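A.B. asks: Here's a structure for you.
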Amino acid sequence: MKARFTTEQPAVRWQPLDQGMVDVTICLNGQEVTDESSQVDEFGETHTTKDAYWEYDFHQFREKAENINQETVDANPEYYLEYVPDQPENLEEQVKSQAQTIQMLTECVLEMSETVYG
């Protein structure tokens, strides 16, 4: 994805957040671009303006700080232009996983009670 900024950007911006999360912004291959536009005012006069900005290959994501390392991102920002954090399980997957855990624990308790009480 491309993004435009009015000022030059660092390749990596690392923003620690609450609850052990971090926002990472990647801006690579920056080019200074100038756009020229013309407008005619109510008196029929043409006014030309030039707008300068920086255009970058851009990616931004939020990740658990324990899953990503700032030094690694700084050393290899190109790799993170396409990075997609792991998505948390949806509610249905969480319930299914918990049901499997409960079943396994129930079987363990039954086995232990057979061993203890014979």
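Here, A, B, ... name the chains of the structure tokens in the order displayed, residue numbers run from 1 inside each chain, and ligands are numbered from 1 in the same displayed order.
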Find the spatial neighbours of Asp35 (chain A), counting only C-alpha atoms, within a cut-off of 9 Å - ignore same-chain residues fewer than 3 positions away - and output them as a list of chain:residue names.
C.D. replies: A:Thr49, A:Lys50, A:Asp51, A:Ala52, A:Tyr53
A.B. asks: Create the file for the chosen residues now, containing N, CA and C atoms and written as a PDB file, in the first residue's frame.
C.D. replies:
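Result file selection_16.pdb:
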```
ATOM      1  N   THR A  49      -1.095  26.125  -7.720  1.00  0.00           N
ATOM      2  CA  THR A  49      -0.430  25.793  -6.454  1.00  0.00           C
ATOM      3  C   THR A  49       0.359  24.502  -6.632  1.00  0.00           C
ATOM      4  N   LYS A  50       1.443  24.440  -5.917  1.00  0.00           N
ATOM      5  CA  LYS A  50       2.269  23.235  -5.908  1.00  0.00           C
ATOM      6  C   LYS A  50       2.238  22.647  -4.507  1.00  0.00           C
ATOM      7  N   ASP A  51       1.942  21.360  -4.442  1.00  0.00           N
ATOM      8  CA  ASP A  51       1.934  20.655  -3.167  1.00  0.00           C
ATOM      9  C   ASP A  51       3.038  19.600  -3.196  1.00  0.00           C
ATOM     10  N   ALA A  52       3.881  19.650  -2.179  1.00  0.00           N
ATOM     11  CA  ALA A  52       4.951  18.656  -2.072  1.00  0.00           C
ATOM     12  C   ALA A  52       4.623  17.704  -0.933  1.00  0.00           C
ATOM     13  N   TYR A  53       4.895  16.441  -1.151  1.00  0.00           N
ATOM     14  CA  TYR A  53       4.678  15.437  -0.122  1.00  0.00           C
ATOM     15  C   TYR A  53       5.635  14.279  -0.349  1.00  0.00           C
TER      16      TYR A  53
END
```
A.B. asks: Among chain A, which ones does DSSP assign to helix (DSSP H, G or I) (computed from the backbone)? Answer as a PyMOL selection string.
C.D. replies: chain A and resi 18-20+65-67+70-75+77-82+91-117
A.B. asks: Which of these residues is nearest to Asn69 (chain A), using only C-alpha atoms: A:Val109, A:Val95, A:Val22, A:Met1?
C.D. replies: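 Smallest distance to Asn69 (chain A) is found for A:Val22.
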A.B. asks: Which residues, written as number ranges by chain, have at least one atom at most 9 Å from region 78-93 of chain A, with only C-alpha atoms counted and residues fewer than 3 positions away on the same chain left out?
C.D. replies: A: 1, 26-28, 57-64, 67, 73, 75, 96-98
A.B. asks: Next, write the just-selected residues to a file, as a compact mmCIF listing (two decimals), in the first residue's frame, keeping N, CA, C and O atoms as the atom set.
C.D. replies:
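The file below, result.txt, is the result:
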```txt
# COMPACT_ATOMS: atom_id res chain seq x y z
N MET A 1 0.85 -1.16 0.00
CA MET A 1 0.00 0.00 0.00
C MET A 1 0.90 1.24 0.00
O MET A 1 1.98 1.23 0.58
N ILE A 26 5.70 0.90 9.06
CA ILE A 26 6.81 0.74 8.13
C ILE A 26 6.59 1.71 6.96
O ILE A 26 5.51 1.72 6.35
N CYS A 27 7.61 2.52 6.66
CA CYS A 27 7.58 3.44 5.52
C CYS A 27 8.88 3.26 4.74
O CYS A 27 9.96 3.66 5.22
N LEU A 28 8.80 2.67 3.54
CA LEU A 28 10.00 2.39 2.75
C LEU A 28 9.89 3.00 1.35
O LEU A 28 8.80 3.28 0.87
N ASP A 57 6.02 3.20 0.35
CA ASP A 57 5.42 1.89 0.52
C ASP A 57 5.16 1.79 2.01
O ASP A 57 6.07 2.00 2.82
N PHE A 58 3.93 1.46 2.39
CA PHE A 58 3.48 1.65 3.77
C PHE A 58 2.78 0.40 4.29
O PHE A 58 2.03 -0.26 3.57
N HIS A 59 3.03 0.11 5.56
CA HIS A 59 2.28 -0.94 6.25
C HIS A 59 2.28 -0.62 7.74
O HIS A 59 3.28 -0.16 8.29
N GLN A 60 1.14 -0.86 8.38
CA GLN A 60 1.01 -0.63 9.82
C GLN A 60 0.26 -1.80 10.42
O GLN A 60 -0.70 -2.29 9.84
N PHE A 61 0.74 -2.26 11.57
CA PHE A 61 0.07 -3.37 12.24
C PHE A 61 0.26 -3.26 13.74
O PHE A 61 1.14 -2.55 14.22
N ARG A 62 -0.58 -3.99 14.48
CA ARG A 62 -0.51 -4.06 15.93
C ARG A 62 -0.23 -5.52 16.30
O ARG A 62 -0.85 -6.43 15.77
N GLU A 63 0.72 -5.71 17.21
CA GLU A 63 1.14 -7.06 17.57
C GLU A 63 1.47 -7.10 19.06
O GLU A 63 1.77 -6.06 19.66
N LYS A 64 1.40 -8.29 19.64
CA LYS A 64 1.86 -8.46 21.02
C LYS A 64 3.37 -8.23 21.03
O LYS A 64 4.09 -8.77 20.20
N ASN A 67 5.75 -11.11 20.73
CA ASN A 67 5.84 -11.83 19.46
C ASN A 67 6.75 -11.17 18.43
O ASN A 67 6.95 -11.72 17.35
N VAL A 73 12.93 -5.84 13.46
CA VAL A 73 12.16 -5.02 12.52
C VAL A 73 13.04 -3.90 11.96
O VAL A 73 13.04 -3.65 10.75
N ALA A 75 16.24 -3.92 11.56
CA ALA A 75 17.26 -4.48 10.68
C ALA A 75 16.68 -4.99 9.36
O ALA A 75 17.40 -5.07 8.36
N LYS A 96 -14.57 -24.73 21.55
CA LYS A 96 -14.20 -26.09 21.14
C LYS A 96 -12.91 -26.52 21.83
O LYS A 96 -12.81 -27.63 22.36
N SER A 97 -11.92 -25.63 21.86
CA SER A 97 -10.65 -25.94 22.52
C SER A 97 -10.84 -26.18 24.01
O SER A 97 -10.27 -27.11 24.59
N GLN A 98 -11.66 -25.34 24.65
CA GLN A 98 -11.92 -25.51 26.08
C GLN A 98 -12.68 -26.80 26.36
O GLN A 98 -12.41 -27.49 27.35
```
A.B. asks: Between CA of Pro10 (chain A) and CA of Thr34 (chain A), what is the distance in Å, rounded to a tenth?
C.D. replies: 19.9 Å
A.B. asks: To one decimal place, how far is CA of Glu111 (chain A) from CA of Gln94 (chain A) in Å?
C.D. replies: 25.8 Å
A.B. asks: Hey, which of A:Ala3, A:Val116, A:Ala65, A:Val40 ends up closest to Met21 (chain A)? Count only C-alpha atoms.
C.D. replies: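 Closest candidate: A:Ala65.
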A.B. asks: If you measure from CA of Ile68 (chain A) to CA of Trp54 (chain A), what distance in Å do you get, rounded to one decimal?
C.D. replies: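 Atom-to-atom, CA of Ile68 (chain A) to CA of Trp54 (chain A), that is 27.5 Å.
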A.B. asks: Please extract the residues of chain A with a backbone DSSP assignment of strand (DSSP E) and present them as a ChimeraX atom specification.
C.D. replies: /A:2-5,12-16,21-40,46-64
